$ cat upload-v8.csv   # CSV, C-alpha atoms
chain,number,residue,atom,x,y,z
A,191,MET,CA,22.4,16.8,45.5
A,192,ALA,CA,24.2,17.0,42.1
A,193,GLY,CA,24.3,13.2,42.0
A,194,GLN,CA,20.6,12.9,42.8
A,195,ALA,CA,19.7,15.4,40.1
A,196,ARG,CA,21.8,13.5,37.6
A,197,THR,CA,20.0,10.3,38.5
A,198,ILE,CA,16.6,11.9,38.2
A,199,PHE,CA,17.7,13.4,34.8
A,200,VAL,CA,18.9,10.0,33.6
A,201,LEU,CA,15.7,8.3,34.7
A,202,ALA,CA,13.6,11.0,33.0
A,203,VAL,CA,15.5,10.6,29.8
A,204,ALA,CA,15.3,6.8,30.0
A,205,GLY,CA,11.6,7.0,30.6
A,206,ALA,CA,11.1,9.4,27.7
A,207,LEU,CA,13.1,7.0,25.4
A,208,LEU,CA,11.0,4.0,26.5
A,209,CYS,CA,7.8,5.9,25.8
A,210,LEU,CA,9.1,7.0,22.4
A,211,SER,CA,10.1,3.4,21.6
A,212,ALA,CA,6.7,2.1,22.6
A,213,VAL,CA,5.0,4.7,20.4
A,214,ARG,CA,7.2,3.9,17.4
A,215,SER,CA,6.8,0.1,17.9
A,216,SER,CA,3.0,0.5,18.1
A,217,GLN,CA,3.1,2.3,14.7
A,218,ALA,CA,5.7,0.2,13.1
A,219,GLY,CA,4.2,-2.4,10.9
A,220,SER,CA,0.8,-0.6,10.7
A,221,PRO,CA,-0.6,-0.1,7.2
A,222,ALA,CA,-0.3,3.7,7.5
A,223,TYR,CA,3.3,3.3,8.6
A,224,ASN,CA,4.1,0.9,5.8
A,225,TYR,CA,2.5,3.3,3.3
A,226,ALA,CA,4.7,6.1,4.6
A,227,LEU,CA,7.8,3.9,4.5
A,228,HIS,CA,7.2,2.1,1.1
A,229,CYS,CA,4.8,4.0,-1.0
A,230,LEU,CA,4.8,7.7,0.0
A,231,GLY,CA,7.8,8.6,-2.0
A,232,CYS,CA,6.1,7.9,-5.3
A,233,HIS,CA,2.4,8.1,-4.5
A,234,THR,CA,2.5,11.1,-2.2
A,235,VAL,CA,0.6,11.7,1.0
A,236,ASP,CA,-2.5,12.5,-1.0
A,237,GLY,CA,-2.2,9.4,-3.2
A,238,VAL,CA,-2.2,11.5,-6.3
A,239,SER,CA,1.3,10.8,-7.7
A,240,PRO,CA,3.2,13.4,-9.7
A,241,GLN,CA,2.7,13.2,-13.4
A,242,LEU,CA,6.3,13.9,-14.0
A,243,GLY,CA,7.3,10.6,-12.5
A,244,ARG,CA,4.8,8.6,-14.5
A,245,ILE,CA,3.5,6.9,-11.4
A,246,PRO,CA,-0.2,6.1,-11.5
A,247,PRO,CA,-2.3,7.6,-8.7
A,248,VAL,CA,-4.0,5.5,-6.1
A,249,ARG,CA,-6.6,8.0,-5.0
A,250,GLY,CA,-10.0,7.2,-6.5
A,251,VAL,CA,-8.5,4.3,-8.5
A,252,VAL,CA,-7.1,1.7,-6.2
A,253,GLY,CA,-10.5,0.2,-5.3
A,254,HIS,CA,-11.0,-0.9,-8.8
A,255,LEU,CA,-7.9,-3.1,-8.5
A,256,ALA,CA,-9.8,-5.3,-6.0
A,257,ARG,CA,-12.6,-6.1,-8.4
A,258,THR,CA,-11.3,-8.9,-10.5
A,259,ASP,CA,-8.9,-11.8,-10.2
A,260,LEU,CA,-6.7,-10.3,-12.9
A,261,SER,CA,-6.6,-6.8,-11.3
A,262,ARG,CA,-6.0,-8.4,-7.9
A,263,ARG,CA,-3.0,-10.3,-9.4
A,264,TYR,CA,-1.7,-7.0,-10.9
A,265,ILE,CA,-1.8,-5.0,-7.6
A,266,ALA,CA,-0.2,-7.8,-5.6
A,267,ASN,CA,2.7,-7.8,-8.2
A,268,VAL,CA,3.2,-4.0,-8.6
A,269,PRO,CA,7.0,-3.6,-8.4
A,270,GLY,CA,6.8,-1.3,-5.4
A,271,ILE,CA,4.5,-3.7,-3.5
A,272,LYS,CA,6.3,-6.9,-4.6
A,273,ASN,CA,9.8,-5.5,-3.8
A,274,SER,CA,8.8,-3.7,-0.5
A,275,GLY,CA,10.1,-6.6,1.7
A,276,LEU,CA,6.7,-6.8,3.4
A,277,ASN,CA,5.5,-10.2,4.3
A,278,ASP,CA,2.2,-11.5,2.7
A,279,ALA,CA,0.0,-10.6,5.7
A,280,ASP,CA,1.5,-7.0,6.0
A,281,THR,CA,1.1,-6.6,2.2
A,282,ALA,CA,-2.6,-7.6,2.4
A,283,ALA,CA,-3.2,-5.2,5.3
A,284,LEU,CA,-1.5,-2.4,3.3
A,285,LEU,CA,-3.6,-3.1,0.2
A,286,ASN,CA,-6.8,-3.2,2.3
A,287,TRP,CA,-5.8,0.1,4.0
A,288,LEU,CA,-5.1,1.7,0.6
A,289,ILE,CA,-8.5,0.7,-0.7
A,290,VAL,CA,-10.3,2.1,2.4
A,291,THR,CA,-8.2,5.2,2.7
A,292,TYR,CA,-7.7,6.2,-1.0
A,293,GLY,CA,-10.3,4.2,-2.8
A,294,GLY,CA,-13.1,6.8,-2.6
A,295,ASP,CA,-15.7,6.0,-5.3
A,296,SER,CA,-13.6,3.3,-6.7
A,297,GLN,CA,-14.0,1.2,-3.6
A,298,PRO,CA,-16.4,-1.6,-4.4
A,299,GLU,CA,-19.5,-1.6,-2.1
A,300,SER,CA,-18.9,-5.3,-1.5
A,301,TRP,CA,-15.4,-6.5,-1.9
A,302,ARG,CA,-13.3,-9.3,-0.6
A,303,PRO,CA,-10.4,-7.9,1.5
A,304,PHE,CA,-7.0,-9.3,0.7
A,305,ASP,CA,-5.4,-11.8,3.1
A,306,GLY,CA,-1.9,-13.2,3.4
A,307,ALA,CA,-2.8,-16.5,1.8
A,308,GLU,CA,-4.2,-14.8,-1.3
A,309,ILE,CA,-1.1,-12.5,-1.6
A,310,ALA,CA,1.2,-15.5,-1.4
A,311,ALA,CA,-0.8,-17.2,-4.2
A,312,LEU,CA,-0.8,-14.1,-6.3
A,313,ARG,CA,2.9,-13.6,-5.9
A,314,ALA,CA,3.7,-17.2,-6.6
A,315,ASP,CA,2.5,-16.7,-10.1
A,316,ARG,CA,4.8,-13.7,-10.8
A,317,PRO,CA,4.0,-12.2,-14.2
A,318,ALA,CA,6.7,-12.1,-16.8
A,319,ASP,CA,5.6,-8.5,-17.8
A,320,VAL,CA,3.8,-6.6,-15.1
A,321,MET,CA,2.9,-3.8,-17.5
A,322,ALA,CA,1.2,-6.2,-19.9
A,323,LEU,CA,-0.7,-7.6,-16.9
A,324,ARG,CA,-1.7,-4.0,-16.0
A,325,ALA,CA,-2.9,-3.4,-19.6
A,326,ALA,CA,-4.9,-6.6,-19.5
A,327,ALA,CA,-6.4,-5.8,-16.1
A,328,ARG,CA,-7.3,-2.3,-17.4
A,329,GLU,CA,-9.1,-3.6,-20.5
A,330,GLU,CA,-11.0,-6.1,-18.3
A,331,LEU,CA,-12.1,-3.3,-15.9
A,332,ILE,CA,-13.0,-1.0,-18.8
A,333,ALA,CA,-15.3,-3.7,-20.2
A,334,LEU,CA,-17.0,-3.8,-16.7
A,335,GLY,CA,-17.4,0.0,-16.7
A,336,PHE,CA,-14.4,0.9,-14.5
A,337,ASP,CA,-11.4,2.9,-15.6
A,338,ILE,CA,-8.1,2.9,-13.8
A,339,GLY,CA,-6.5,5.4,-16.2
A,340,TYR,CA,-3.8,5.0,-18.8
A,341,TYR,CA,-0.3,4.2,-17.8
A,342,PRO,CA,2.4,3.7,-20.4
$ encode --input "upload-v8.csv" --output "structure tokens"
Amino acid sequence: MAGQARTIFVLAVAGALLCLSAVRSSQAGSPAYNYALHCLGCHTVDGVSPQLGRIPPVRGVVGHLARTDLSRRYIANVPGIKNSGLNDADTAALLNWLIVTYGGDSQPESWRPFDGAEIAALRADRPADVMALRAAAREELIALGFDIGYYP
């Protein structure tokens, strides 16, 4: 009887581990999972970012970064995005998720979602100075009536 109980226990544990693995693998690679893994530490679960860390918020702002070619180039080359290790398709999915999830009023009514080919093209033309690119994108957006906030 003890051997049978041990077998049942081992099978139950193995089944639980398989279920846990299936759940994890179904979440792994999702945009929400990638946000938690690559962005959450700086941008927080609320997308507001702590001022102390001088990290710009995404909530209510990130949608503006999908409005122009220049701002799209900037967001694709943000150091945390560029250096995340995500492939182009996963990066596009993450950016689209960010815009839908945190964009709020900044989300354009009609916008072109990112795709892997666009991310690859935007990353191929890596800016020499990403902060200068952000400043240029900000000025362009302000001229169009959209403000992404100041960031030093």
$ closest_residue --input "upload-v8.csv" --among "A:Trp301, A:Thr281, A:Asp295, A:Ser261" --to "Ala325 (chain A)" --atoms "all atoms listed in the file"
A:Ser261
$ atom_distance --input "upload-v8.csv" --atom1 "CA of Gly294 (chain A)" --atom2 "CA of Gly250 (chain A)"
5.0 Å
$ closest_atom_pairs --input "upload-v8.csv" --of "region 244-337 of chain A" --to "region 218-230 of chain A" --cutoff "8 Å" --atoms "only C-alpha atoms" --output "CSV"
residue,atom,partner,partner_atom,distance
A:Gly270,CA,A:Cys229,CA,7.2
A:Ile271,CA,A:His228,CA,7.9
A:Ser274,CA,A:His228,CA,6.2
A:Asp280,CA,A:Gly219,CA,7.2
A:Ala283,CA,A:Pro221,CA,6.0
A:Leu284,CA,A:Pro221,CA,4.6
A:Trp287,CA,A:Pro221,CA,6.1
$ write_last_selection --input "upload-v8.csv" --atoms "C-alpha atoms" --output "PDB file, in the frame of the given file"
ATOM      1  CA  GLY A 270       6.800  -1.300  -5.400  1.00  0.00           C
ATOM      2  CA  ILE A 271       4.500  -3.700  -3.500  1.00  0.00           C
ATOM      3  CA  SER A 274       8.800  -3.700  -0.500  1.00  0.00           C
ATOM      4  CA  ASP A 280       1.500  -7.000   6.000  1.00  0.00           C
ATOM      5  CA  ALA A 283      -3.200  -5.200   5.300  1.00  0.00           C
ATOM      6  CA  LEU A 284      -1.500  -2.400   3.300  1.00  0.00           C
ATOM      7  CA  TRP A 287      -5.800   0.100   4.000  1.00  0.00           C
TER       8      TRP A 287
END
$ atom_distance --input "upload-v8.csv" --atom1 "CA of Cys232 (chain A)" --atom2 "CA of Gly253 (chain A)"
18.3 Å
$ atom_distance --input "upload-v8.csv" --atom1 "CA of Pro317 (chain A)" --atom2 "CA of Val251 (chain A)"
21.5 Å
